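Structure file my_file-v9.txt (compact mmCIF, C-alpha atoms (C1' of nucleotides)) is printed below.
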# COMPACT_ATOMS: atom_id res chain seq x y z
CA MET A 855 21.22 -8.69 13.68
CA THR A 856 24.34 -9.15 11.58
CA LYS A 857 24.75 -5.54 10.65
CA THR A 858 24.06 -2.55 12.82
CA THR A 859 20.27 -2.92 12.72
CA PRO A 860 19.25 0.43 11.23
CA GLY A 861 16.34 0.55 13.61
CA LEU A 862 12.87 0.73 12.15
CA ARG A 863 11.12 1.57 15.39
CA PRO A 864 11.16 5.15 16.59
CA GLN A 865 14.00 5.81 18.99
CA PRO A 866 13.32 7.81 22.13
CA ALA A 867 16.88 9.15 22.05
CA ILE A 868 17.39 12.71 20.87
CA GLY A 869 21.05 13.66 20.81
CA SER A 870 22.67 12.13 17.75
CA THR A 871 26.41 12.05 18.31
CA GLY A 872 26.23 13.00 21.96
CA ALA A 873 24.62 16.10 23.41
CA ALA A 874 23.36 18.58 20.84
CA ASP A 875 20.88 21.26 21.73
CA ALA A 876 20.34 24.79 20.54
CA LEU A 877 21.82 24.70 17.07
CA SER A 878 20.96 27.41 14.60
CA PRO A 879 17.21 27.88 15.20
CA ALA A 880 15.83 26.81 18.56
CA GLY A 881 15.77 23.03 18.83
CA ALA A 882 16.72 22.25 15.27
CA LEU A 883 17.27 18.65 14.34
CA ARG A 884 19.26 17.08 11.57
CA ILE A 885 17.78 14.65 9.12
CA GLY A 886 19.33 11.57 10.71
CA ASP A 887 17.95 12.46 14.12
CA VAL A 888 14.51 13.07 12.70
CA ALA A 889 14.61 9.74 10.91
CA LYS A 890 15.45 7.92 14.13
CA LEU A 891 12.79 9.82 16.03
CA VAL A 892 9.97 8.82 13.73
CA GLY A 893 11.33 5.44 12.72
CA THR A 894 12.32 5.90 9.12
CA THR A 895 15.37 6.75 7.00
CA PRO A 896 16.90 9.99 5.77
CA ARG A 897 16.29 8.87 2.21
CA THR A 898 12.57 8.60 2.85
CA ILE A 899 12.45 12.08 4.31
CA ARG A 900 14.29 13.50 1.33
CA TYR A 901 11.96 11.60 -0.95
CA TYR A 902 8.90 13.04 0.74
CA GLU A 903 10.37 16.46 0.28
CA GLU A 904 11.17 15.69 -3.34
CA ILE A 905 7.59 14.83 -4.21
CA GLY A 906 6.26 17.80 -2.30
CA LEU A 907 4.78 15.94 0.64
CA LEU A 908 7.03 17.88 3.01
CA GLN A 909 8.10 21.43 2.48
CA GLU A 910 11.63 22.24 1.49
CA SER A 911 13.00 22.56 5.01
CA LEU A 912 14.16 26.16 4.92
CA PRO A 913 16.43 27.43 6.24
CA ARG A 914 19.32 25.02 6.18
CA THR A 915 22.68 25.22 7.89
CA SER A 916 25.44 27.43 6.54
CA GLY A 917 26.46 24.42 4.56
CA SER A 918 23.37 22.89 3.05
CA HIS A 919 22.33 20.38 5.67
CA ARG A 920 18.61 20.24 6.30
CA LEU A 921 17.28 21.39 9.67
CA TYR A 922 13.96 20.44 11.14
CA SER A 923 11.82 21.96 13.84
CA GLU A 924 9.59 19.97 16.16
CA GLU A 925 6.64 21.07 14.10
CA GLU A 926 8.09 19.55 11.00
CA VAL A 927 8.74 16.34 12.89
CA ASP A 928 5.11 16.27 13.91
CA ARG A 929 4.07 16.83 10.35
CA LEU A 930 6.18 13.86 9.29
CA ARG A 931 4.62 11.78 12.03
CA GLU A 932 1.19 12.66 10.73
CA VAL A 933 2.20 11.68 7.24
CA MET A 934 3.41 8.28 8.35
CA ARG A 935 0.43 7.71 10.55
CA PHE A 936 -2.09 8.44 7.83
CA LYS A 937 -0.09 6.40 5.39
CA GLN A 938 -0.08 3.38 7.63
CA LEU A 939 -3.63 3.61 8.94
CA LEU A 940 -5.42 4.61 5.77
CA GLY A 941 -3.18 2.88 3.29
CA VAL A 942 -3.43 5.67 0.76
CA SER A 943 -0.83 6.71 -1.77
CA LEU A 944 1.58 9.53 -1.05
CA GLU A 945 -0.08 11.47 -3.83
CA GLN A 946 -3.43 11.26 -2.08
CA LEU A 947 -1.77 12.16 1.20
CA LYS A 948 -0.55 15.37 -0.38
CA THR A 949 -4.07 16.61 -0.86
CA LEU A 950 -5.41 14.97 2.27
CA LEU A 951 -2.87 16.63 4.53
CA ALA A 952 -3.43 20.07 3.11
CA ALA A 953 -5.21 20.63 6.41
CA GLU A 954 -1.91 20.84 8.23
CA GLU A 955 -0.76 23.52 5.87
CA ALA A 956 -3.86 25.56 6.51
CA ARG A 957 -3.41 25.11 10.24
CA SER A 958 0.21 26.10 10.20
CA ALA A 959 -0.68 29.05 8.02
CA VAL A 960 -3.07 30.10 10.76
CA LYS A 961 -0.39 29.73 13.40
CA GLU A 962 2.08 31.60 11.24
CA GLN A 963 -0.33 34.44 10.78
CA LEU A 964 -1.02 34.50 14.50
CA ARG A 965 2.67 34.70 15.33
CA ARG A 966 3.20 37.58 13.00
CA GLY A 967 0.43 39.44 14.70
CA GLY A 968 -1.42 39.82 11.44
CA VAL A 969 -4.98 40.18 12.63
CA ASP A 970 -6.85 40.25 9.37
CA ALA A 971 -9.97 38.60 10.67
CA ASN A 972 -11.37 37.76 7.27
CA ARG A 973 -8.22 36.05 6.12
CA ARG A 974 -8.05 34.12 9.39
CA LYS A 975 -11.60 32.99 9.07
CA GLY A 976 -10.89 31.82 5.54
CA LEU A 977 -7.93 29.79 6.65
CA LEU A 978 -9.84 28.31 9.54
CA GLU A 979 -12.72 27.28 7.35
CA GLU A 980 -10.32 25.73 4.92
CA ALA A 981 -8.70 23.77 7.70
CA LEU A 982 -12.12 22.71 8.90
CA GLU A 983 -13.01 21.32 5.50
CA HIS A 984 -9.84 19.32 5.32
CA VAL A 985 -10.26 17.91 8.79
CA GLU A 986 -13.79 16.89 7.95
CA LYS A 987 -12.58 15.14 4.84
CA GLN A 988 -10.03 13.27 6.91
CA LEU A 989 -12.68 12.35 9.41
CA GLU A 990 -14.94 10.98 6.72
CA LEU A 991 -12.20 8.74 5.45
CA VAL A 992 -11.23 7.58 8.92
CA GLN A 993 -14.80 6.87 9.88
CA ALA A 994 -15.55 4.98 6.71
CA ARG A 995 -12.51 2.86 7.36
CA LEU A 996 -13.57 2.41 10.95
CA ALA A 997 -17.00 1.21 9.90
CA ASP A 998 -15.55 -1.33 7.50
CA LEU A 999 -13.07 -2.56 10.05
CA THR A 1000 -15.75 -2.85 12.69
CA ARG A 1001 -17.87 -5.00 10.42
CA LEU A 1002 -14.90 -7.18 9.70
CA GLN A 1003 -14.21 -7.49 13.39
CA GLU A 1004 -17.77 -8.55 14.10
CA GLU A 1005 -17.65 -11.14 11.40
CA LEU A 1006 -14.43 -12.52 12.72
CA CYS A 1007 -15.85 -12.68 16.23
CA SER A 1008 -18.84 -14.66 15.14
CA ALA A 1009 -16.64 -16.92 13.07
CA ARG A 1010 -14.59 -17.51 16.19
CA ARG A 1011 -17.73 -18.30 18.17
CA ARG A 1012 -18.87 -20.83 15.61
CA ILE A 1013 -15.53 -22.57 15.55
CA ARG A 1014 -15.34 -22.72 19.33
CA CYS A 1015 -18.83 -24.11 19.42
CA ARG A 1016 -17.94 -26.88 17.01
CA ILE A 1017 -14.87 -27.80 18.95
CA GLU A 1018 -16.99 -27.96 22.08
CA GLU A 1019 -19.48 -30.21 20.32
CA LEU A 1020 -16.72 -32.57 19.35
CA ARG A 1021 -15.38 -32.65 22.87
CA SER A 1022 -18.64 -33.44 24.63
CA GLY A 1023 -20.75 -35.04 21.90
CA MET B 214 -12.99 9.68 -18.40
CA THR B 215 -11.38 9.87 -21.82
CA LYS B 216 -11.06 6.15 -22.31
CA THR B 217 -13.63 3.50 -21.60
CA THR B 218 -13.37 3.67 -17.81
CA PRO B 219 -12.65 -0.01 -17.04
CA GLY B 220 -14.91 0.12 -14.03
CA LEU B 221 -13.25 -0.36 -10.68
CA ARG B 222 -16.40 -0.73 -8.59
CA PRO B 223 -18.00 -4.14 -8.25
CA GLN B 224 -20.84 -4.67 -10.69
CA PRO B 225 -24.08 -6.22 -9.50
CA ALA B 226 -24.62 -7.80 -12.91
CA ILE B 227 -24.00 -11.52 -13.27
CA GLY B 228 -24.52 -12.71 -16.83
CA SER B 229 -21.55 -11.67 -18.94
CA THR B 230 -22.57 -11.86 -22.60
CA GLY B 231 -26.24 -12.30 -21.88
CA ALA B 232 -27.83 -15.09 -19.88
CA ALA B 233 -25.44 -17.79 -18.73
CA ASP B 234 -26.35 -20.20 -15.98
CA ALA B 235 -25.57 -23.82 -15.35
CA LEU B 236 -22.26 -24.22 -17.16
CA SER B 237 -20.01 -27.13 -16.39
CA PRO B 238 -20.24 -27.28 -12.58
CA ALA B 239 -23.24 -25.73 -10.92
CA GLY B 240 -23.05 -21.94 -11.12
CA ALA B 241 -19.55 -21.67 -12.53
CA LEU B 242 -18.27 -18.26 -13.47
CA ARG B 243 -15.63 -17.19 -15.93
CA ILE B 244 -12.75 -15.00 -14.95
CA GLY B 245 -14.15 -11.85 -16.51
CA ASP B 246 -17.43 -12.21 -14.65
CA VAL B 247 -15.62 -12.78 -11.39
CA ALA B 248 -13.49 -9.72 -11.98
CA LYS B 249 -16.56 -7.57 -12.54
CA LEU B 250 -18.29 -9.04 -9.54
CA VAL B 251 -15.54 -8.16 -7.13
CA GLY B 252 -14.33 -5.02 -8.87
CA THR B 253 -10.96 -5.97 -10.24
CA THR B 254 -9.40 -7.27 -13.46
CA PRO B 255 -8.76 -10.76 -14.86
CA ARG B 256 -5.05 -10.04 -14.81
CA THR B 257 -5.14 -9.46 -11.07
CA ILE B 258 -6.97 -12.71 -10.48
CA ARG B 259 -4.44 -14.62 -12.56
CA TYR B 260 -1.66 -12.88 -10.70
CA TYR B 261 -3.09 -13.88 -7.35
CA GLU B 262 -3.24 -17.43 -8.59
CA GLU B 263 0.32 -17.18 -9.88
CA ILE B 264 1.74 -16.18 -6.51
CA GLY B 265 -0.30 -18.80 -4.70
CA LEU B 266 -2.78 -16.50 -3.06
CA LEU B 267 -5.63 -18.26 -4.80
CA GLN B 268 -5.68 -21.92 -5.67
CA GLU B 269 -5.30 -23.07 -9.22
CA SER B 270 -8.97 -23.04 -10.13
CA LEU B 271 -9.51 -26.69 -11.00
CA PRO B 272 -11.21 -27.92 -13.00
CA ARG B 273 -11.28 -25.72 -16.06
CA THR B 274 -13.44 -25.90 -19.18
CA SER B 275 -12.75 -28.40 -21.96
CA GLY B 276 -10.66 -25.65 -23.45
CA SER B 277 -8.56 -24.27 -20.64
CA HIS B 278 -10.64 -21.38 -19.44
CA ARG B 279 -10.74 -20.93 -15.71
CA LEU B 280 -13.99 -21.57 -13.88
CA TYR B 281 -14.88 -20.25 -10.46
CA SER B 282 -17.44 -21.30 -7.89
CA GLU B 283 -19.19 -18.90 -5.57
CA GLU B 284 -16.90 -20.06 -2.80
CA GLU B 285 -13.86 -19.03 -4.76
CA VAL B 286 -15.44 -15.66 -5.43
CA ASP B 287 -15.96 -15.24 -1.71
CA ARG B 288 -12.37 -16.14 -1.08
CA LEU B 289 -11.27 -13.48 -3.53
CA ARG B 290 -13.54 -10.99 -1.83
CA GLU B 291 -11.90 -11.79 1.48
CA VAL B 292 -8.48 -11.31 -0.02
CA MET B 293 -9.35 -7.90 -1.38
CA ARG B 294 -11.06 -6.87 1.79
CA PHE B 295 -8.13 -7.74 4.01
CA LYS B 296 -5.76 -6.15 1.57
CA GLN B 297 -7.64 -2.90 1.59
CA LEU B 298 -8.51 -2.73 5.25
CA LEU B 299 -5.26 -3.96 6.73
CA GLY B 300 -2.91 -2.69 4.09
CA VAL B 301 -0.67 -5.72 4.23
CA SER B 302 1.38 -7.24 1.44
CA LEU B 303 0.03 -10.11 -0.62
CA GLU B 304 2.78 -12.26 0.86
CA GLN B 305 1.51 -11.59 4.36
CA LEU B 306 -2.03 -12.21 3.19
CA LYS B 307 -1.00 -15.66 2.07
CA THR B 308 -0.21 -16.71 5.61
CA LEU B 309 -2.93 -14.61 7.17
CA LEU B 310 -5.67 -16.15 5.09
CA ALA B 311 -4.60 -19.70 5.80
CA ALA B 312 -7.66 -19.70 8.03
CA GLU B 313 -9.93 -19.95 5.01
CA GLU B 314 -8.06 -22.96 3.82
CA ALA B 315 -8.46 -24.68 7.14
CA ARG B 316 -12.15 -23.83 7.14
CA SER B 317 -12.71 -25.10 3.64
CA ALA B 318 -10.77 -28.22 4.54
CA VAL B 319 -13.24 -28.75 7.35
CA LYS B 320 -16.18 -28.29 4.99
CA GLU B 321 -14.60 -30.59 2.46
CA GLN B 322 -14.12 -33.27 5.05
CA LEU B 323 -17.69 -32.86 6.20
CA ARG B 324 -19.03 -33.24 2.66
CA ARG B 325 -17.13 -36.43 2.12
CA GLY B 326 -18.61 -37.87 5.26
CA GLY B 327 -15.19 -38.47 6.71
CA VAL B 328 -15.89 -38.37 10.40
CA ASP B 329 -12.41 -38.70 11.83
CA ALA B 330 -13.09 -36.67 14.94
CA ASN B 331 -9.45 -36.12 15.80
CA ARG B 332 -8.60 -34.79 12.36
CA ARG B 333 -11.62 -32.53 12.45
CA LYS B 334 -10.68 -31.16 15.82
CA GLY B 335 -7.20 -30.48 14.58
CA LEU B 336 -8.47 -28.55 11.59
CA LEU B 337 -10.90 -26.61 13.72
CA GLU B 338 -8.25 -25.62 16.19
CA GLU B 339 -6.00 -24.55 13.37
CA ALA B 340 -8.77 -22.41 11.94
CA LEU B 341 -9.37 -20.94 15.37
CA GLU B 342 -5.75 -19.90 15.70
CA HIS B 343 -5.79 -18.17 12.35
CA VAL B 344 -9.02 -16.35 13.07
CA GLU B 345 -7.62 -15.16 16.36
CA LYS B 346 -4.54 -13.86 14.63
CA GLN B 347 -6.71 -11.99 12.17
CA LEU B 348 -8.74 -10.56 15.02
CA GLU B 349 -5.64 -9.32 16.79
CA LEU B 350 -4.54 -7.46 13.71
CA VAL B 351 -7.97 -6.02 13.07
CA GLN B 352 -8.38 -4.90 16.64
CA ALA B 353 -4.98 -3.29 16.79
CA ARG B 354 -5.80 -1.37 13.66
CA LEU B 355 -9.17 -0.46 15.08
CA ALA B 356 -7.58 0.94 18.21
CA ASP B 357 -5.15 3.08 16.24
CA LEU B 358 -7.87 4.35 13.96
CA THR B 359 -10.12 5.14 16.89
CA ARG B 360 -7.42 7.25 18.48
CA LEU B 361 -6.89 9.05 15.22
CA GLN B 362 -10.61 9.66 14.94
CA GLU B 363 -10.75 11.13 18.42
CA GLU B 364 -7.88 13.42 17.70
CA LEU B 365 -9.49 14.60 14.52
CA CYS B 366 -12.75 15.22 16.34
CA SER B 367 -11.11 17.40 18.93
CA ALA B 368 -9.18 19.23 16.25
CA ARG B 369 -12.48 19.91 14.56
CA ARG B 370 -13.96 21.17 17.78
CA ARG B 371 -11.09 23.56 18.29
CA ILE B 372 -11.33 24.94 14.80
CA ARG B 373 -15.08 25.42 15.08
CA CYS B 374 -14.58 27.17 18.36
CA ARG B 375 -12.12 29.60 16.89
CA ILE B 376 -14.38 30.37 13.99
CA GLU B 377 -17.17 31.04 16.47
CA GLU B 378 -14.91 33.35 18.44
CA LEU B 379 -14.14 35.29 15.32
CA ARG B 380 -17.79 35.53 14.43
CA SER B 381 -19.03 36.82 17.78
CA GLY B 382 -15.91 38.36 19.28
C1' DT C 994 44.11 21.11 12.84
C1' DC C 995 42.57 16.62 11.64
C1' DG C 996 39.63 12.96 10.92
C1' DC C 997 35.58 10.77 10.37
C1' DA C 998 30.66 10.32 10.82
C1' DA C 999 26.86 12.33 8.73
C1' DG C 1000 24.89 15.15 4.79
C1' DC C 1001 24.40 16.57 0.05
C1' DT C 1002 23.21 15.68 -4.89
C1' DC C 1003 22.77 12.93 -8.83
C1' DA C 1004 21.68 8.69 -10.71
C1' DC C 1005 20.84 4.05 -11.24
C1' DG C 1006 18.75 -0.34 -8.91
C1' DT C 1007 14.89 -2.84 -6.88
C1' DC C 1008 10.67 -4.95 -5.49
C1' DA C 1009 5.73 -5.54 -5.35
C1' DA C 1010 1.69 -5.41 -7.86
C1' DC C 1011 -0.07 -5.31 -11.48
C1' DG C 1012 -0.71 -3.26 -16.95
C1' DT C 1013 -0.26 -4.23 -21.66
C1' DA C 1014 0.70 -6.18 -26.03
C1' DA C 1015 1.41 -10.35 -29.02
C1' DG C 1016 -0.21 -14.35 -31.03
C1' DG C 1017 -3.23 -17.83 -30.84
C1' DA C 1018 -7.27 -20.92 -28.96
C1' DT C 1019 -12.27 -21.15 -27.13
C1' DT C 1020 -17.09 -19.94 -26.60
C1' DG C 1021 -21.58 -19.01 -27.45
C1' DG C 1022 -24.77 -16.72 -30.16
C1' DA C 1023 -26.60 -15.28 -34.97
C1' DT D 466 -20.74 -22.28 -40.04
C1' DC D 467 -18.87 -18.11 -38.68
C1' DC D 468 -17.40 -14.38 -36.00
C1' DA D 469 -16.80 -11.17 -32.26
C1' DA D 470 -15.89 -11.41 -27.52
C1' DT D 471 -13.44 -13.60 -24.17
C1' DC D 472 -9.66 -16.36 -22.59
C1' DC D 473 -5.07 -18.54 -22.74
C1' DT D 474 0.18 -18.14 -22.04
C1' DT D 475 4.39 -15.65 -22.33
C1' DA D 476 6.87 -11.85 -21.70
C1' DC D 477 8.11 -7.33 -21.39
C1' DG D 478 6.63 -2.50 -19.48
C1' DT D 479 5.24 0.57 -15.67
C1' DT D 480 4.48 2.91 -11.39
C1' DG D 481 5.13 3.95 -6.58
C1' DA D 482 8.17 4.06 -2.92
C1' DC D 483 12.01 3.91 -1.67
C1' DG D 484 17.39 1.45 -1.44
C1' DT D 485 22.06 1.92 -2.71
C1' DG D 486 26.31 3.51 -4.22
C1' DA D 487 29.57 7.36 -6.01
C1' DG D 488 31.88 11.37 -5.33
C1' DC D 489 32.09 15.32 -2.71
C1' DT D 490 31.15 18.65 1.31
C1' DT D 491 30.15 19.75 6.35
C1' DG D 492 30.04 19.45 11.22
C1' DC D 493 32.31 18.67 15.28
C1' DG D 494 34.81 16.15 19.03
C1' DA D 495 39.77 15.01 20.14
What is this file in structure tokens?
Amino acid sequence: MTKTTPGLRPQPAIGSTGAADALSPAGALRIGDVAKLVGTTPRTIRYYEEIGLLQESLPRTSGSHRLYSEEEVDRLREVMRFKQLLGVSLEQLKTLLAAEEARSAVKEQLRRGGVDANRRKGLLEEALEHVEKQLELVQARLADLTRLQEELCSARRRIRCRIEELRSG
Amino acid sequence: MTKTTPGLRPQPAIGSTGAADALSPAGALRIGDVAKLVGTTPRTIRYYEEIGLLQESLPRTSGSHRLYSEEEVDRLREVMRFKQLLGVSLEQLKTLLAAEEARSAVKEQLRRGGVDANRRKGLLEEALEHVEKQLELVQARLADLTRLQEELCSARRRIRCRIEELRSG
DNA sequence: TCGCAAGCTCACGTCAACGTAAGGATTGGA
DNA sequence: TCCAATCCTTACGTTGACGTGAGCTTGCGA
């Protein structure tokens, strides 16, 4: 706690330098605010954009400061969550999270009122595939972890039993 | 698949250059065999030894080739399992896996017939603490993964529903 | 209008976790 | 005995995932 403690945990605060709502697009956030919200650093966000894990954050401000919508914040949250829980590389995450892109493409198409049913169905099925792939991974990991947990529990039982033996025997 | 595909998956084979049982100590394995068994490389095993994650593999052959017992292979398996499932650094693993050391100390003491009950109890309680720490971590991870799984399941449901709507509506 | 915190773009630094190559010693089978 | 495969140590290279300035521009509260 010598410095200013950059804060690794997500901050519930929203306003960065005071009260700041309704910037250019509705509810746009700057990179520093986003970083605090999700518990990371601006550099990391830029890096994720650099390697194509996040889109290029268009549009920016009249200058060239990045602006983020709530959706993009959610996307970032997903990225970090999958990264932490599945322990996969960012490269793998790029393909794994293609689902989100399909989903947001669906939303986008919905908003524009484009009602090409075939195209929508295609996008939905694509999204479905990706989600199923994610599920497979998550469930495989869950199975492994559950086995590990069981083994640890029985190890704990055995140890407790031995201690008990020593105490009474 | 252009090169020789070093083989990342654990091999069920045991004999390395043919049939090799009963070397110096009973059932001793050489580093290459161990690597194949657990699905890694000799370099990695040496590295783990170098940073103190594995003990120094004593004794060696009359030359200075490392020899491993089944116990040491199991230890390595544990290391890799925790690493993959918990996604922690090797440094953290060093403290986290101290449990195994306590447990093997107990076994060691048992084999030697040393029946200092107090010492044994101490070791057992130490092992218990470590196992409980491991369990906490595993269970926390399990909880997070379970939530993620549920969310993915409901996302899947929603997508399927929409596809169905498109099909019949 | 001014000032300063926060952003931007290079570009180099870093740290963990190994890979890889060099040069030589060991092993176990033919 | 001999030799190809394996192993040894030492040391430098690499890759992913950011950290850390430098030098400059922007945003915004006083």
Any idea which chain B residues end up within 10 Å of chain D if we count only C-alpha atoms (C1' of nucleotides), as JSON, numbers by chain please? {"B": [229, 230, 243, 244, 245, 255, 276, 277, 278, 279]}
Could you tell me which residues of chain B sit within 8 Å of chain A when counting all atoms listed in the file, and give me the result as a compact mmCIF listing (two decimals) with C-alpha atoms, in the coordinates of the input?
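Result saved to iface-v5.txt:
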# COMPACT_ATOMS: atom_id res chain seq x y z
CA GLN B 297 -7.64 -2.90 1.59
CA LEU B 298 -8.51 -2.73 5.25
CA LEU B 299 -5.26 -3.96 6.73
CA GLY B 300 -2.91 -2.69 4.09
CA ALA B 330 -13.09 -36.67 14.94
CA LYS B 334 -10.68 -31.16 15.82
CA LEU B 337 -10.90 -26.61 13.72
CA GLU B 338 -8.25 -25.62 16.19
CA ALA B 340 -8.77 -22.41 11.94
CA LEU B 341 -9.37 -20.94 15.37
CA VAL B 344 -9.02 -16.35 13.07
CA GLU B 345 -7.62 -15.16 16.36
CA GLN B 347 -6.71 -11.99 12.17
CA LEU B 348 -8.74 -10.56 15.02
CA VAL B 351 -7.97 -6.02 13.07
CA GLN B 352 -8.38 -4.90 16.64
CA ARG B 354 -5.80 -1.37 13.66
CA LEU B 355 -9.17 -0.46 15.08
CA ASP B 357 -5.15 3.08 16.24
CA LEU B 358 -7.87 4.35 13.96
CA THR B 359 -10.12 5.14 16.89
CA LEU B 361 -6.89 9.05 15.22
CA GLN B 362 -10.61 9.66 14.94
CA LEU B 365 -9.49 14.60 14.52
CA CYS B 366 -12.75 15.22 16.34
CA ALA B 368 -9.18 19.23 16.25
CA ARG B 369 -12.48 19.91 14.56
CA ILE B 372 -11.33 24.94 14.80
CA ARG B 373 -15.08 25.42 15.08
CA ARG B 375 -12.12 29.60 16.89
CA ILE B 376 -14.38 30.37 13.99
CA LEU B 379 -14.14 35.29 15.32
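As for atom CA of Tyr260 of chain B and atom CA of Met293 of chain B, they are spaced 13.1 Å apart.
One finds atom CA of Arg929 of chain A at 15.1 Å from atom CA of Val960 of chain A.
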Can you work out the spacing between atom CA of Leu921 of chain A and atom CA of Arg360 of chain B in Å, to one decimal?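 Rounded to one decimal, the two atoms are 29.8 Å apart.
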Select residues of chain C: the criterion is any atom within 9 Å of an atom of chain B, counting only C-alpha atoms (C1' of nucleotides); output as a list in words.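 Putting it all together, I get DA1009, DA1010, DC1011, DG1012, DA1018, DT1019 and DG1021 of chain C.
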Using only C-alpha atoms (C1' of nucleotides), collect all residues at a distance of at most 8 Å from (3.1, 16.7, 3.2) as written in the file, then present them as number ranges by chain. A: 902-903, 906-909, 929-930, 933, 947-948, 951-952
